[in-house]
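Trainee: If you scroll down you'll find the structure; I have some questions about it.
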Amino acid sequence: MKTLRGKEKTIFQMGGEGKRGMDLPKPEGLAPIAISGPCMRSTTPDLPDLSEIEVVRHFTRLSKLNYGVDDGFYPLGSCTMKHNPKINELIASLDGFKWSHPMLPYGMVQGTLKAMKMLEDALNEITGMDGCSLQPAAGAHGELTGVMMIRACLEKRGNPRQFILIPDSAHGTNPASSAFSGYEVKEVASDETGCVDLAKLEEVLDENVAGMMLTNPNTLGIFEKNIQKIADMLHEKGALLYMDGANMNAMMGKARPGELGVDVMHLNLHKTFSTPHGGGGPGAGPVCFLKHMAPFQPAPVVDGEGGYHKLDWNRPDSIGKVHGFYGNFLVALKALAYILSLGGKGLEQSTEDAVLAANYIRASLKDNFHVPFDIPTLHEVVFNDKKQAEFGISTLDIAKRLIDYGIHPPTIYFPLIVHGALMVEPTESESKEEMDYFIEIMKKVAKEASISPELLHDAPHDTPVRRLDETKAARNLVLRYGGGDE
Amino acid sequence: MSRFFPLSDNDRREMLRKIGADKIESLFSSIPESGQFKGTLNIPSYSEQELLDLFRNLADSNTPTQSFAGAGVYAHYIPASVDSLASREEFLTAYTPYQPEISQGTLQAIFEYQTCMCALTGMEVSNASMYDGATAFAEAILMAKRVGKKKNTVLISDAIHPHYRKVAQSYLENLGIRIKAIPTLNHKVDIETLSAELENEDVFAVAVGYPNFFGIVEPLDEIALTVREKAPKALLVSVTTEPLAFGMLTPPGEFGVDIACGEAQSFGNYPGFGGPLLGFLTTRQKLVRNMPGRVVGQTTDVDGKIGYVLTLSAREQHIRREKATSNICSNQGWCMLRAVIYLALLGKAGLRELAELNHRRAETAKKAISRSTHFEVVPGMSFNEFVVRSDTDLEDFVEHSVVNGMFPGVRLSKFGLAPDEMLITVTEMNTVEDIHRLVELMEAVK
Amino acid sequence: MVLEDFYYTKEHEWVQVDGETGTIGITDHAQKQLGDIVFVEVPEVDTELEKGDEAASIESVKAVADVFSPVSGTVTAVNEALEDEPEMVNKEAQGAGWLFRLRLSNKSELNDLMNAAAYAKYLEEEEG
């Protein structure tokens, strides 16, 4: 994790006037500049001036300050950091795809449109849904799209209603997506098994409820055993069920949301379907839905009738557009490549291995770390710092100490309903050797917590920077080079 | 068994033993019987070699063409260094930088991107990027609404990209925000109408394109003046789909724009059928706490060493939940990385030269087309795209050109606009010879 | 630390009354819950506030808390020092870290608030 120098200046502190890292065709035989007046720029934007090798070295060095899935174990719960196959990158960089322009006539982009249709069909098969839109650019964007569809559907029935119900274990994006769709949020408490409390649901469920956003398996890794009952209760009141499919990797080939009463859901292609996270994006968050929701999906819709593919813009009941064009196509390609590499049986195997791995880690560490919800979980396991707290050690300290051993920390302090949560998701991509190393290190850290807690308090020791002052960052905002009192 | 799975059958047996389960199925016993899927998913599998063949065939069934397409997505040359550096796994396969000690590469790249975007737009702060220009635009209006508090009307110029306006409508209508369209006059904001609409005290923001959808450089100085005079509290939002224009155009910040947003795909990202793209959003320091999206700040570590962290995160969805500034929980990390590498390569001189090259090639095309028989160039100061009007059937013309290996431009009827108009975009990828071929095709029209 | 002469709300705001003027802030307990405060947004002078209106917001590294006006009135002054020194709320929540002042429009609303003893008891119950 160390570069030769361990730190790197910003590009603005390097290079010098007159240098350049890119050359251009000569402007020969061209008409003169025809911009004048107050709109003609008189100042030069302060970009850096560097030669190509300086740029190459700078970003290579920066890359070495990072840690990726290819570097080692990355058990970020809920984020599904699985292997990102290299062939997917090659496929997404084929000239025919990467240069295809969204405004070309349909006849010129048949390959692109067909690939989109193939992915939609595959996702429908996996989820048991009837239709799919690839337009949302990320998971949270898919949520927003799905809730907008619920609103449009209920509006069509005469009343969009007022509330969306969300379990207290949900991702923070669920309430935010509901609010951005014009709904108020009502929280539903979990019961002692970590699932939605049906009695509590009964209490808040009435004709003002538009729908419920349910993460399944939920953020504790627990399958919502009453999901069918929940769907019935909602439907009886004329409300709809949205499923946050961020954890779909735990149920491929085992259960299909379309057969569980779910009306609309999203998938995260960058989680379940192996597309790289890219340090924060681009992701893709397709929505899948039952037939009755199809009229409300974003426009346009890929239509492959008779083998000729086109985009259908004539969608009078659609929520409209949620993306400038048709979603993150190059990301969709990578997901399709992953799905077709595995096939139906392979996808089910990926789910089985992911669940096996999480349960193996749980069984191996349950004596060393407290498991707050001691009931069967699927693809992830949530521990907390209860056992270590008596030595003054917190979840943050444990996470930072893991870095010293070359392991990316698990997700910490989420879900919120678990105090000091450490959420481990190994995925199907980890070998037993890698997991055994993690287990060994976790045990070692638990021991260190009791005998030399300062090792954890001061961690990480060996990184390019150590613990950073977040209060200072937020009080004295320096958001660009030269902006603020450095 | 698939090459993606590192567990051997022996490993699986040992792991089950440790768990105390007799078979893998028992790990799924929490799924109620009635909800279990008993079949096998009907999806075929391919070896890597077969897979590549399959996708090559698909890619090859797209028609390669010489193209003058733009309208929000631009084909620019991308130096080999961008692909090479961005494909480094440490960038590509990392998560959002939640653990700053082992994410300084991503964090510093974002900090440098934020700095570059501020320099280009003349604004004080930039977020770490958003999904695309259209959603950045919608988020910009929501941001202005937060600043404008109880005011509820936004004036949106009809000369903004139609897709952007559609996305904004999807975002705003559920929240009860009133959109009032400002019509165009000669493909520009009709300032008189704008001025009249600003009499309405309910207006919290005015949004205009710069350059606008028709490629025209709006007189942002005049617009800003009008807004300041009539509605000093309303925010002025500028939207740009082709930020390479900032190599030549006075940046929005210098005209007192409050939020400058748009699409930065032009910087080192492929058209990719319109995604992934790179939304940018920049603003003034005093509005930073209303800004949506991720942002990176500089700080120091326990040893006093400079480092970077995600900051202002208390505004975000994972903490503020339904009261967050946005539901977004990521940025467009890898696209942003490509952009900052590209801008670092381009540098000050390169930016200006590339902007001028685009502009002058477009001017060359305008001149040549204006001499043709059936096409005229719609007047107006433009950067690298412009509208032409024709007395011939444009659908036929496009079809005929495509048969001859050339996509001549985007018909505006595709957006429900004038059927006799077409938007032509010229970048450094279109040579003077290409331009001559385009004009020949125009002259060949009967 | 619960000071006398202050009125308190269940949302952990306080009002100190001097004639027709009320000074408003958040309690010491509240600042501890928030942690390091990095930004304070105060209302504009002359804003008319109803009891319960969102009047200010306080941002720490880990949370943003909305401050609701405990009483109705017109804002007559705001604590401008907080712009540069938001940490003052951490240091002296019930002193130099005050947020804004109101000309009270309905003093009877004070009857709905807790006195020091009641607030101290409320805290005990909340923590217990």
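Each chain of the structure tokens is named A, B, ... in the order shown, its residues numbered from 1; ligands are numbered from 1 in display order.
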Give me, as a tab-separated table, each residue of chain C that comes within 7 Å of chain A, together with its shortest interatomic pair and the distance in Å at one decimal, counting only C-alpha atoms, with rows ordered by chain and rising residue number.
Mentor:
```
residue	atom	partner	partner_atom	distance
C:Asp36	CA	A:Thr471	CA	6.5
C:Val38	CA	A:Arg475	CA	4.7
C:Phe39	CA	A:Arg475	CA	6.8
C:Val61	CA	A:Thr471	CA	6.0
```
Trainee: Quick check: residues of chain B within 8 Å of chain C, only C-alpha atoms, returned as a PyMOL selection string.
Mentor: chain B and resi 312-315+319-320
Trainee: Since we have the selection now, will you write its residues out, keeping N, CA and C atoms, as an mmCIF file, in the first residue's frame?
Mentor:
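This went into part10.cif:
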```
data_model
loop_
_atom_site.group_PDB
_atom_site.id
_atom_site.type_symbol
_atom_site.label_atom_id
_atom_site.label_comp_id
_atom_site.auth_asym_id
_atom_site.auth_seq_id
_atom_site.Cartn_x
_atom_site.Cartn_y
_atom_site.Cartn_z
ATOM 1 N N LEU B 312 -18.371 17.522 4.536
ATOM 2 C CA LEU B 312 -19.753 18.023 4.470
ATOM 3 C C LEU B 312 -20.733 16.871 4.336
ATOM 4 N N SER B 313 -20.360 15.702 4.842
ATOM 5 C CA SER B 313 -21.206 14.538 4.597
ATOM 6 C C SER B 313 -22.436 14.531 5.494
ATOM 7 N N ALA B 314 -22.461 15.397 6.487
ATOM 8 C CA ALA B 314 -23.657 15.435 7.344
ATOM 9 C C ALA B 314 -24.898 15.846 6.561
ATOM 10 N N ARG B 315 -24.703 16.459 5.362
ATOM 11 C CA ARG B 315 -25.854 16.852 4.545
ATOM 12 C C ARG B 315 -26.417 15.661 3.772
ATOM 13 N N ILE B 319 -26.878 10.143 6.533
ATOM 14 C CA ILE B 319 -27.044 10.752 7.848
ATOM 15 C C ILE B 319 -28.388 11.481 7.960
ATOM 16 N N ARG B 320 -28.671 12.318 6.960
ATOM 17 C CA ARG B 320 -29.880 13.151 7.058
ATOM 18 C C ARG B 320 -31.126 12.445 6.554
#
```
Trainee: For Pro282 in chain A, which residue among B:Thr96, B:Thr282, B:Asn174, B:Gln317 is the nearest when counting only C-alpha atoms?
Mentor: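 Nearest candidate to Pro282 in chain A out of B:Thr96, B:Thr282, B:Asn174, B:Gln317: B:Thr96.
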Trainee: Could you list, as a list of chain:residue names, every residue within 7 Å of Ala255 in chain A, counting only C-alpha atoms and ignoring same-chain residues fewer than 2 positions away?
Mentor: A:Met251, A:Met252, A:Gly253, A:Pro257, B:Gly35, B:Gln36, B:Phe37
Trainee: Just write the chosen residues, C-alpha atoms, as a PDB file, in the first residue's frame.
Mentor:
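The result, stored in result31.pdb:
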```pdb
ATOM      1  CA  MET A 251     -30.951 -14.942  -3.740  1.00  0.00           C
ATOM      2  CA  MET A 252     -30.187 -15.520  -7.423  1.00  0.00           C
ATOM      3  CA  GLY A 253     -31.745 -18.812  -8.445  1.00  0.00           C
ATOM      4  CA  PRO A 257     -39.012 -11.079  -6.184  1.00  0.00           C
TER       5      PRO A 257
ATOM      6  CA  GLY B  35     -41.258 -18.300  -1.881  1.00  0.00           C
ATOM      7  CA  GLN B  36     -38.477 -20.570  -3.092  1.00  0.00           C
ATOM      8  CA  PHE B  37     -37.631 -20.718  -6.751  1.00  0.00           C
TER       9      PHE B  37
END
```
Trainee: Considering only C-alpha atoms, can you say which of C:Asp18, C:Asp28, C:Ser105, C:Phe6 comes closest to Leu123 in chain C?
Mentor: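 The closest residue to Leu123 in chain C is C:Asp28.
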Trainee: Do you have, as CSV, the list of residues of range 250-305 of chain B lying at most 9 Å from range 102-122 of chain B, each with its nearest atom pair and that distance in Å to one decimal, counting only C-alpha atoms and ordered by chain then number?
Mentor:
```
residue,atom,partner,partner_atom,distance
B:Thr250,CA,B:Thr121,CA,8.4
B:Pro251,CA,B:Thr121,CA,4.7
B:Pro252,CA,B:Thr121,CA,5.7
B:Gly253,CA,B:Gly122,CA,4.3
B:Glu254,CA,B:Gly122,CA,6.2
B:Ala260,CA,B:Thr121,CA,6.9
B:Cys261,CA,B:Thr121,CA,8.9
B:Phe280,CA,B:Met117,CA,7.9
B:Leu281,CA,B:Met117,CA,8.6
B:Thr282,CA,B:Cys118,CA,6.8
B:Thr283,CA,B:Cys118,CA,8.5
B:Val295,CA,B:Ile110,CA,8.1
B:Val296,CA,B:Phe111,CA,5.8
B:Gly297,CA,B:Phe111,CA,6.9
B:Gln298,CA,B:Phe111,CA,7.9
```
Trainee: Since we have the selection now, will you write its residues out, keeping C-alpha atoms, as an mmCIF file, in the first residue's frame?
Mentor:
```cif
data_model
loop_
_atom_site.group_PDB
_atom_site.id
_atom_site.type_symbol
_atom_site.label_atom_id
_atom_site.label_comp_id
_atom_site.auth_asym_id
_atom_site.auth_seq_id
_atom_site.Cartn_x
_atom_site.Cartn_y
_atom_site.Cartn_z
ATOM 1 C CA THR B 250 -15.906 33.797 -20.519
ATOM 2 C CA PRO B 251 -16.656 31.446 -17.618
ATOM 3 C CA PRO B 252 -20.118 31.675 -16.023
ATOM 4 C CA GLY B 253 -18.560 32.657 -12.699
ATOM 5 C CA GLU B 254 -17.352 35.943 -14.180
ATOM 6 C CA ALA B 260 -22.871 26.405 -13.200
ATOM 7 C CA CYS B 261 -23.663 22.821 -14.085
ATOM 8 C CA PHE B 280 -20.692 18.568 -13.048
ATOM 9 C CA LEU B 281 -22.055 21.076 -10.577
ATOM 10 C CA THR B 282 -20.169 24.126 -9.359
ATOM 11 C CA THR B 283 -21.302 27.000 -7.191
ATOM 12 C CA VAL B 295 -17.306 16.703 -2.007
ATOM 13 C CA VAL B 296 -13.668 16.241 -0.976
ATOM 14 C CA GLY B 297 -11.775 18.571 1.333
ATOM 15 C CA GLN B 298 -8.183 18.926 2.385
#
```
Trainee: Neighbouring residues of range 349-364 of chain A were defined as those with any atom within 7 Å, considering only C-alpha atoms; residues of the same chain fewer than 2 positions away were excluded. Please report them as a compact mmCIF listing (two decimals) with C-alpha atoms, in the first residue's frame.
Mentor:
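Dumped to selection.txt:
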```txt
# COMPACT_ATOMS: atom_id res chain seq x y z
CA ASN A 249 -26.64 -11.48 -4.96
CA ALA A 250 -27.97 -13.43 -1.96
CA MET A 251 -30.95 -14.94 -3.74
CA MET A 252 -30.19 -15.52 -7.42
CA LYS A 345 -26.53 -22.29 -12.98
CA GLY A 346 -23.43 -20.21 -12.41
CA LEU A 347 -25.44 -17.30 -11.03
CA LYS A 366 -18.79 -15.73 16.67
CA LEU A 378 -27.54 -15.07 4.04
CA HIS A 379 -24.72 -13.19 2.26
CA GLU A 380 -23.43 -11.01 5.08
CA VAL A 381 -22.93 -11.08 8.80
CA GLU A 425 -19.70 -9.42 3.20
CA PRO A 426 -17.12 -11.76 1.69
CA THR A 427 -18.92 -12.43 -1.67
CA GLU A 428 -18.34 -15.51 -3.78
CA ILE A 439 -10.41 -14.84 10.37
CA MET B 15 -16.84 -24.79 5.34
CA LYS B 18 -17.47 -25.60 10.31
CA ILE B 19 -20.89 -23.99 10.05
```
Trainee: I need the residue nearest Ile31 in chain B from this list: A:Gly211, A:Gly158, A:Pro298, A:Pro217. Use only C-alpha atoms for the distance.
Mentor: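 Closest candidate: A:Pro217.
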Trainee: Residues of chain C classed as strand (DSSP E) by DSSP on the backbone are to be reported as a VMD selection string.
Mentor: chain C and resid 6 to 8 13 to 18 21 to 26 37 to 41 48 to 49 54 to 60 64 to 68 73 to 78 100 to 104
Trainee: Check the smallest atom-to-atom distance from each of A:Val209, A:Ile150, A:Cys132, A:Val418 to chain B using only C-alpha atoms, then report the winner.
Mentor: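 Answer, going by the shortest atom-to-atom distance: A:Ile150.
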Trainee: Applying 12 Å and only C-alpha atoms, which residues near Ser108 in chain C remain after dropping the ones on its own chain fewer than 6 positions away? List them as JSON, numbers by chain.
Mentor: {"C": [20, 51, 70, 71, 72]}
Trainee: Can you pull out every residue from range 80-197 of chain B that DSSP, working from the backbone, puts in helix (DSSP H, G or I), and format the result as a PyMOL selection string?
Mentor: chain B and resi 80-86+89-92+100-102+104-121+133-148+162-173+191-197
Trainee: Please provide as a PDB file with C-alpha atoms, in the first residue's frame all residues within 12 Å of Leu269 in chain A, with the sequence filter that same-chain residues fewer than 3 positions apart are discarded (counting only C-alpha atoms).
Mentor:
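What follows is the written file out-v2.pdb:
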```pdb
ATOM      1  CA  CYS A  79     -21.300  -3.064  -1.134  1.00  0.00           C
ATOM      2  CA  THR A  80     -20.635  -6.497  -2.663  1.00  0.00           C
ATOM      3  CA  MET A  81     -17.024  -6.071  -3.682  1.00  0.00           C
ATOM      4  CA  LYS A  82     -16.775  -9.090  -5.919  1.00  0.00           C
ATOM      5  CA  ASN A  84     -14.477  -7.525 -11.651  1.00  0.00           C
ATOM      6  CA  LEU A 119     -29.686  -7.517 -20.451  1.00  0.00           C
ATOM      7  CA  GLU A 120     -33.290  -6.523 -19.742  1.00  0.00           C
ATOM      8  CA  LEU A 123     -32.597  -9.362 -15.417  1.00  0.00           C
ATOM      9  CA  LEU A 134     -31.886   0.418 -17.797  1.00  0.00           C
ATOM     10  CA  PRO A 136     -31.304   4.761 -13.802  1.00  0.00           C
ATOM     11  CA  ALA A 137     -27.582   5.457 -13.403  1.00  0.00           C
ATOM     12  CA  ALA A 138     -27.095   4.073  -9.889  1.00  0.00           C
ATOM     13  CA  GLY A 139     -28.880   2.276  -7.077  1.00  0.00           C
ATOM     14  CA  GLY A 142     -33.181   3.310  -9.367  1.00  0.00           C
ATOM     15  CA  GLY A 245     -32.532  -5.252  -4.626  1.00  0.00           C
ATOM     16  CA  ALA A 246     -29.055  -4.161  -3.522  1.00  0.00           C
ATOM     17  CA  ASN A 247     -28.644  -7.614  -1.987  1.00  0.00           C
ATOM     18  CA  MET A 248     -29.970  -9.632  -4.916  1.00  0.00           C
ATOM     19  CA  ASN A 249     -26.641 -11.485  -4.965  1.00  0.00           C
ATOM     20  CA  HIS A 266     -34.010  -2.003  -8.530  1.00  0.00           C
ATOM     21  CA  THR A 272     -24.612  -8.190  -7.881  1.00  0.00           C
ATOM     22  CA  PHE A 273     -23.362  -8.124 -11.455  1.00  0.00           C
ATOM     23  CA  SER A 274     -19.661  -7.441 -10.954  1.00  0.00           C
ATOM     24  CA  THR A 275     -19.191  -4.091 -12.668  1.00  0.00           C
ATOM     25  CA  PRO A 276     -16.314  -2.183 -11.049  1.00  0.00           C
ATOM     26  CA  HIS A 277     -17.096   0.527  -8.498  1.00  0.00           C
ATOM     27  CA  GLY A 281     -19.125   5.192  -9.854  1.00  0.00           C
ATOM     28  CA  PRO A 282     -20.324   4.819 -12.524  1.00  0.00           C
ATOM     29  CA  GLY A 283     -22.819   2.285 -11.322  1.00  0.00           C
ATOM     30  CA  ALA A 284     -26.137   1.357 -12.836  1.00  0.00           C
ATOM     31  CA  GLY A 285     -29.472   0.814 -11.113  1.00  0.00           C
ATOM     32  CA  PRO A 286     -31.995  -0.760 -13.508  1.00  0.00           C
ATOM     33  CA  VAL A 287     -35.572  -1.076 -12.304  1.00  0.00           C
ATOM     34  CA  GLY A 327     -28.615   5.050 -18.767  1.00  0.00           C
ATOM     35  CA  ASN A 328     -25.084   3.783 -18.318  1.00  0.00           C
ATOM     36  CA  PHE A 329     -24.862   1.595 -21.393  1.00  0.00           C
ATOM     37  CA  LEU A 330     -21.181   0.687 -21.106  1.00  0.00           C
ATOM     38  CA  VAL A 331     -21.805  -0.457 -17.521  1.00  0.00           C
ATOM     39  CA  ALA A 332     -24.805  -2.497 -18.671  1.00  0.00           C
ATOM     40  CA  LEU A 333     -22.542  -4.285 -21.174  1.00  0.00           C
ATOM     41  CA  LYS A 334     -20.183  -5.373 -18.404  1.00  0.00           C
ATOM     42  CA  ALA A 335     -23.090  -6.748 -16.378  1.00  0.00           C
ATOM     43  CA  LEU A 336     -24.418  -8.647 -19.375  1.00  0.00           C
ATOM     44  CA  ALA A 337     -20.957 -10.122 -19.965  1.00  0.00           C
ATOM     45  CA  TYR A 338     -20.854 -11.290 -16.339  1.00  0.00           C
ATOM     46  CA  ILE A 339     -24.310 -12.849 -16.531  1.00  0.00           C
TER      47      ILE A 339
END
```
Trainee: List the neighbours of Ser195 in chain B out to 9 Å using only C-alpha atoms; skip same-chain residues closer than 5 positions along the sequence, and give me the result as a list in words.
Mentor: Asp190, Ile223, Thr226, Val227 and Lys230 of chain B
Trainee: Considering only C-alpha atoms, can you say which of A:Cys195, A:Leu479, A:Cys153, A:Val424 comes closest to Asp168 in chain A?
Mentor: A:Cys195
